[in-house]
Number of protein chains: 2
Amino acid sequence: VPALSAHRFFVGPGVISDGRAVIGADQARQIATVLRLGPGDTVVLLRDGLEHDVRLETVGRDRAEGVVTGRRPAANEPRLRLTLALPLLRGDRSEEVLEAVTQLGVSRVVPFTSERSVARELSRAKRERWERVTRESAETARRASVPEIHELCSWPDLFGSLEGPAIVAWEEAETSLRIGPVAADRASLIVGPEGGLTGSEIDLARERGAEIVSLGPRTLRSETAAIAAVAMLIGWSEG
Amino acid sequence: VPALSAHRFFVGPGVISDGRAVIGADQARQIATVLRLGPGDTVVLLRDGLEHDVRLETVGRDRAEGVVTGRRPAANEPRLRLTLALPLLRGDRSEEVLEAVTQLGVSRVVPFTSERSVARELSRAKRERWERVTRESAETARRASVPEIHELCSWPDLFGSLEGPAIVAWEEAETSLRIGPVAADRASLIVGPEGGLTGSEIDLARERGAEIVSLGPRTLRSETAAIAAVAMLIGWSEG
């Protein structure tokens with residue numbers, strides 16, 4: 001089965017048409033020089049929820065062409081459509097979290113800053129890196145779609161950008177995240193920045209209907225909290 | 001309550017005696033120059049399962065002294081005593097995993113190499129870094145104990161070094177890790193290296209009584225698999 005071992009690429013509009021694929025610069029270069037594939041090899045192209053097996057015919061650094069030999073609905077998306085509200089973290093820590101939560105199956109990421117955030121800007125260059133990290137992580141994780149990255153929000157604006165019941169992980173909460181299948185088909189998880197969320201931010205979250213839960217008695221760094229809570233919520237929805 | 005905001009340190013034998021504490025070089029330097037504490041400030045020292053509140057009297061770069069003002073059993077250890085068998089990973093990836101799983105509550109770590117391992121040696125310097133990472137992560141996570149780091153094992157030797165039922169996370173397994181409280185009070189989780197585990201390694205694990213499970217349909221990197229599975233197992237044991 002070529003699809004199981006073949007490298008996967010999310011492709012843009014127009015790449016696949018009339019049973020053929022024409023792959024442009026970035027991905028052609030990866031096929032030619034990183035994966036070192038040639039005519040006769042197969043790649044899988046993902047577009048609009050479909051997986052296309054493509055047998056390569058010509059491979060160059062700027063362009064690769066091939067014929068579609070198979071097509072099926074792309075699978076491997078979790079039952080739970082989970083939005084992660086992720087604070088901007090220092091250095092490349094946000095990217096490490098994005099890589100892990102993309103593998104685990106997050107559907108949307110809403111970056112935000114709050115009172116105690118250290119990092120406060122999402123530059124264009126950083127957003128482009130985030131988009132590359134999520135796309136490549138979704139490809140290697142064999143997902144059918146790439147998590148969408150929302151515009152940067154402030155804390156008060158954040159709640160309008162979420163989907164489904166909102167859960168805020170806060171270490172001072174009195175109740176813990178509970179085991180059990182998630183009732184909704186979508187939910188949002190909010191994790192605080194390095195310095196934590198403030199009491200008034202938590203009050204605002206409660207007013208907006210969010211549930212405030214702790215992830216247990218041990219103090220977790222933001223990165224660990226995000227990865228662990230995503231693993232538990234998506235694991236429970238599938239278990 | 002000083003204990004809630006005070007910095008925590010695991011200390012060696014002899015540091016606390018007769019209601020007083022004498023803190024040596026490394027930790028005194030951190031108290032003096034990183035935390036910038038002085039006489040009258042409080043730290044919490046952990047030793048033999050007890051937390052000691054210590055009010056500092058003298059603080060120098062080589063030595064800090066104080067009086068024990070309170071003592072209680074240290075809490076925050078998970079109900080499940082979980083051993084993580086962690087392959088040696090490239091670069092400092094093992095350290096990132098150690099930091100996260102220590103925060104999440106792992107009790108023991110057994111490093112191993114297997115057929116497809118890329119990294120194959122645990123140097124003395126690296127082991128010392130690992131010990132520092134686990135100790136410091138346990139301190140900031142407010143744990144009562146530091147995960148023990150076992151000697152490096154080969155795959156066949158690994159199974160003699162585990163505790164309780166052994167669970168191998170393998171992406172080709174037909175059954176998934178199931179939701180539900182873990183019946184045992186101890187368990188071991190084994191995650192494969194970057195290149196995956198081989199069929200014959202899985203056969204050996206089965207012969208040794210391990211359960212082989214997948215962590216779901218999405219392909220996870222070793223680091224993500226370790227953090228996610230530890231979060232799920234310890235979360236379920238407490239939820």
# chains A, B, ... in the order shown; residues from 1 in each chain; ligands from 1

$ interface_residues --of "chain B" --to "chain A" --cutoff "9 Å" --atoms "only C-alpha atoms" --output "JSON list (two decimals) with N, CA and C atoms, in the first residue's frame"
[["chain", "number", "residue", "atom", "x", "y", "z"],
["B", 75, "ALA", "N", 3.36, 16.33, 49.97],
["B", 75, "ALA", "CA", 2.25, 15.73, 49.24],
["B", 75, "ALA", "C", 2.51, 15.81, 47.74],
["B", 76, "ASN", "N", 1.46, 15.73, 46.96],
["B", 76, "ASN", "CA", 1.50, 15.97, 45.51],
["B", 76, "ASN", "C", 2.10, 14.85, 44.67],
["B", 77, "GLU", "N", 2.30, 13.67, 45.28],
["B", 77, "GLU", "CA", 2.72, 12.54, 44.45],
["B", 77, "GLU", "C", 1.48, 11.83, 43.90],
["B", 78, "PRO", "N", 1.52, 11.38, 42.63],
["B", 78, "PRO", "CA", 0.35, 10.71, 42.07],
["B", 78, "PRO", "C", 0.10, 9.35, 42.74],
["B", 99, "GLU", "N", 11.79, 16.82, 31.61],
["B", 99, "GLU", "CA", 11.21, 17.96, 32.31],
["B", 99, "GLU", "C", 9.68, 17.83, 32.39],
["B", 100, "ALA", "N", 9.06, 17.54, 31.25],
["B", 100, "ALA", "CA", 7.59, 17.47, 31.22],
["B", 100, "ALA", "C", 7.06, 16.29, 32.03],
["B", 101, "VAL", "N", 7.65, 15.10, 31.89],
["B", 101, "VAL", "CA", 7.09, 13.95, 32.59],
["B", 101, "VAL", "C", 7.37, 14.01, 34.09],
["B", 103, "GLN", "N", 7.24, 16.91, 35.77],
["B", 103, "GLN", "CA", 6.13, 17.76, 36.20],
["B", 103, "GLN", "C", 4.84, 16.95, 36.31],
["B", 104, "LEU", "N", 4.62, 16.04, 35.36],
["B", 104, "LEU", "CA", 3.37, 15.28, 35.33],
["B", 104, "LEU", "C", 3.33, 14.19, 36.40],
["B", 105, "GLY", "N", 4.48, 13.80, 36.96],
["B", 105, "GLY", "CA", 4.44, 12.89, 38.10],
["B", 105, "GLY", "C", 5.07, 11.52, 37.94],
["B", 138, "ALA", "N", 11.10, 18.71, 39.52],
["B", 138, "ALA", "CA", 10.31, 18.23, 40.67],
["B", 138, "ALA", "C", 10.14, 19.35, 41.69],
["B", 140, "THR", "N", 10.09, 22.73, 41.03],
["B", 140, "THR", "CA", 9.13, 23.75, 40.58],
["B", 140, "THR", "C", 7.72, 23.17, 40.45],
["B", 141, "ALA", "N", 7.62, 21.86, 40.20],
["B", 141, "ALA", "CA", 6.28, 21.24, 40.11],
["B", 141, "ALA", "C", 5.68, 21.02, 41.50],
["B", 142, "ARG", "N", 6.45, 21.30, 42.57],
["B", 142, "ARG", "CA", 6.03, 21.12, 43.95],
["B", 142, "ARG", "C", 5.80, 19.64, 44.29],
["B", 143, "ARG", "N", 6.65, 18.78, 43.73],
["B", 143, "ARG", "CA", 6.54, 17.36, 44.05],
["B", 143, "ARG", "C", 7.25, 17.04, 45.36],
["B", 176, "SER", "N", -6.13, 0.26, 21.08],
["B", 176, "SER", "CA", -5.71, 1.57, 21.57],
["B", 176, "SER", "C", -5.62, 1.56, 23.09],
["B", 177, "LEU", "N", -4.81, 2.47, 23.61],
["B", 177, "LEU", "CA", -4.78, 2.73, 25.05],
["B", 177, "LEU", "C", -6.21, 3.11, 25.44],
["B", 178, "ARG", "N", -6.77, 2.41, 26.44],
["B", 178, "ARG", "CA", -8.17, 2.61, 26.80],
["B", 178, "ARG", "C", -8.33, 3.56, 27.98],
["B", 179, "ILE", "N", -9.37, 4.34, 27.90],
["B", 179, "ILE", "CA", -9.75, 5.16, 29.04],
["B", 179, "ILE", "C", -10.06, 4.28, 30.22],
["B", 180, "GLY", "N", -9.78, 4.79, 31.40],
["B", 180, "GLY", "CA", -10.25, 4.09, 32.58],
["B", 180, "GLY", "C", -9.21, 4.13, 33.64],
["B", 181, "PRO", "N", -9.63, 4.09, 34.89],
["B", 181, "PRO", "CA", -8.67, 4.10, 35.98],
["B", 181, "PRO", "C", -7.74, 2.90, 35.84],
["B", 215, "LEU", "N", -1.46, 4.73, 20.44],
["B", 215, "LEU", "CA", -1.94, 5.96, 21.08],
["B", 215, "LEU", "C", -2.89, 6.70, 20.14],
["B", 216, "GLY", "N", -3.45, 5.98, 19.17],
["B", 216, "GLY", "CA", -4.41, 6.60, 18.27],
["B", 216, "GLY", "C", -3.89, 6.62, 16.84],
["B", 217, "PRO", "N", -4.73, 7.09, 15.92],
["B", 217, "PRO", "CA", -4.40, 6.96, 14.51],
["B", 217, "PRO", "C", -3.38, 7.97, 13.99],
["B", 218, "ARG", "N", -3.09, 9.01, 14.75],
["B", 218, "ARG", "CA", -2.14, 10.01, 14.28],
["B", 218, "ARG", "C", -0.73, 9.62, 14.73],
["B", 219, "THR", "N", 0.24, 9.79, 13.84],
["B", 219, "THR", "CA", 1.62, 9.41, 14.15],
["B", 219, "THR", "C", 2.25, 10.47, 15.03],
["B", 220, "LEU", "N", 2.71, 10.04, 16.21],
["B", 220, "LEU", "CA", 3.31, 10.97, 17.17],
["B", 220, "LEU", "C", 4.82, 10.81, 17.19],
["B", 221, "ARG", "N", 5.54, 11.91, 17.34],
["B", 221, "ARG", "CA", 6.97, 11.80, 17.61],
["B", 221, "ARG", "C", 7.17, 11.17, 18.98],
["B", 223, "GLU", "N", 8.81, 12.08, 21.57],
["B", 223, "GLU", "CA", 8.65, 13.02, 22.68],
["B", 223, "GLU", "C", 7.18, 13.25, 22.99],
["B", 224, "THR", "N", 6.39, 13.50, 21.94],
["B", 224, "THR", "CA", 4.97, 13.76, 22.14],
["B", 224, "THR", "C", 4.28, 12.52, 22.70],
["B", 225, "ALA", "N", 4.65, 11.35, 22.18],
["B", 225, "ALA", "CA", 4.04, 10.10, 22.65],
["B", 225, "ALA", "C", 4.30, 9.91, 24.14],
["B", 227, "ILE", "N", 5.04, 12.19, 26.51],
["B", 227, "ILE", "CA", 4.36, 13.18, 27.35],
["B", 227, "ILE", "C", 2.85, 12.92, 27.36],
["B", 228, "ALA", "N", 2.29, 12.63, 26.18],
["B", 228, "ALA", "CA", 0.83, 12.42, 26.10],
["B", 228, "ALA", "C", 0.41, 11.18, 26.87],
["B", 229, "ALA", "N", 1.15, 10.08, 26.73],
["B", 229, "ALA", "CA", 0.74, 8.84, 27.38],
["B", 229, "ALA", "C", 0.91, 8.95, 28.90],
["B", 230, "VAL", "N", 1.97, 9.61, 29.35],
["B", 230, "VAL", "CA", 2.13, 9.83, 30.80],
["B", 230, "VAL", "C", 0.98, 10.68, 31.33],
["B", 231, "ALA", "N", 0.63, 11.74, 30.60],
["B", 231, "ALA", "CA", -0.48, 12.60, 31.04],
["B", 231, "ALA", "C", -1.77, 11.80, 31.15],
["B", 232, "MET", "N", -2.04, 10.94, 30.16],
["B", 232, "MET", "CA", -3.28, 10.17, 30.19],
["B", 232, "MET", "C", -3.29, 9.16, 31.32],
["B", 235, "GLY", "N", -3.34, 11.04, 34.68],
["B", 235, "GLY", "CA", -4.62, 11.74, 34.78],
["B", 235, "GLY", "C", -5.76, 10.76, 35.08],
["B", 236, "TRP", "N", -5.76, 9.62, 34.41],
["B", 236, "TRP", "CA", -6.82, 8.63, 34.64],
["B", 236, "TRP", "C", -6.73, 8.06, 36.05],
["B", 238, "GLU", "N", -5.96, 9.53, 38.65],
["B", 238, "GLU", "CA", -6.37, 10.52, 39.65],
["B", 238, "GLU", "C", -7.77, 11.06, 39.40],
["B", 239, "GLY", "N", -8.33, 10.82, 38.24],
["B", 239, "GLY", "CA", -9.55, 11.55, 37.81],
["B", 239, "GLY", "C", -10.81, 11.00, 38.44]]

$ residues_around --residues "A:Ser161" --least-positions-apart "2" --cutoff "12 Å" --atoms "only C-alpha atoms" --output "list of chain:residue names"
A:Thr83, A:Leu84, A:Ala85, A:Arg108, A:Val109, A:Val110, A:Pro111, A:Phe112, A:Ile149, A:His150, A:Glu151, A:Leu152, A:Cys153, A:Ser154, A:Trp155, A:Pro156, A:Asp157, A:Leu158, A:Phe159, A:Glu163, A:Gly164, A:Pro165, A:Ala166, A:Ala187, A:Ser188, A:Leu189, A:Ile190, A:Arg208

$ residues_around --residues "B:Thr69" --least-positions-apart "2" --cutoff "12 Å" --atoms "only C-alpha atoms" --output "PyMOL selection string"
chain B and resi 1-3+16+18-21+40-45+51-57+66-67+71-72

$ select_by_dssp --residues "stretch 60-237 of chain A" --states "helix (DSSP H, G or I)" --output "MDAnalysis selection string"
chainID A and resid 93:104 124:140 155:161 199:207 222:237

$ atom_distance --atom1 "atom CA of A:Glu115" --atom2 "atom CA of A:Ala210"
18.2 Å

$ atom_distance --atom1 "atom CA of B:Ala125" --atom2 "atom CA of B:Arg81"
27.4 Å

$ atom_distance --atom1 "atom CA of B:Leu204" --atom2 "atom CA of B:Glu174"
17.1 Å
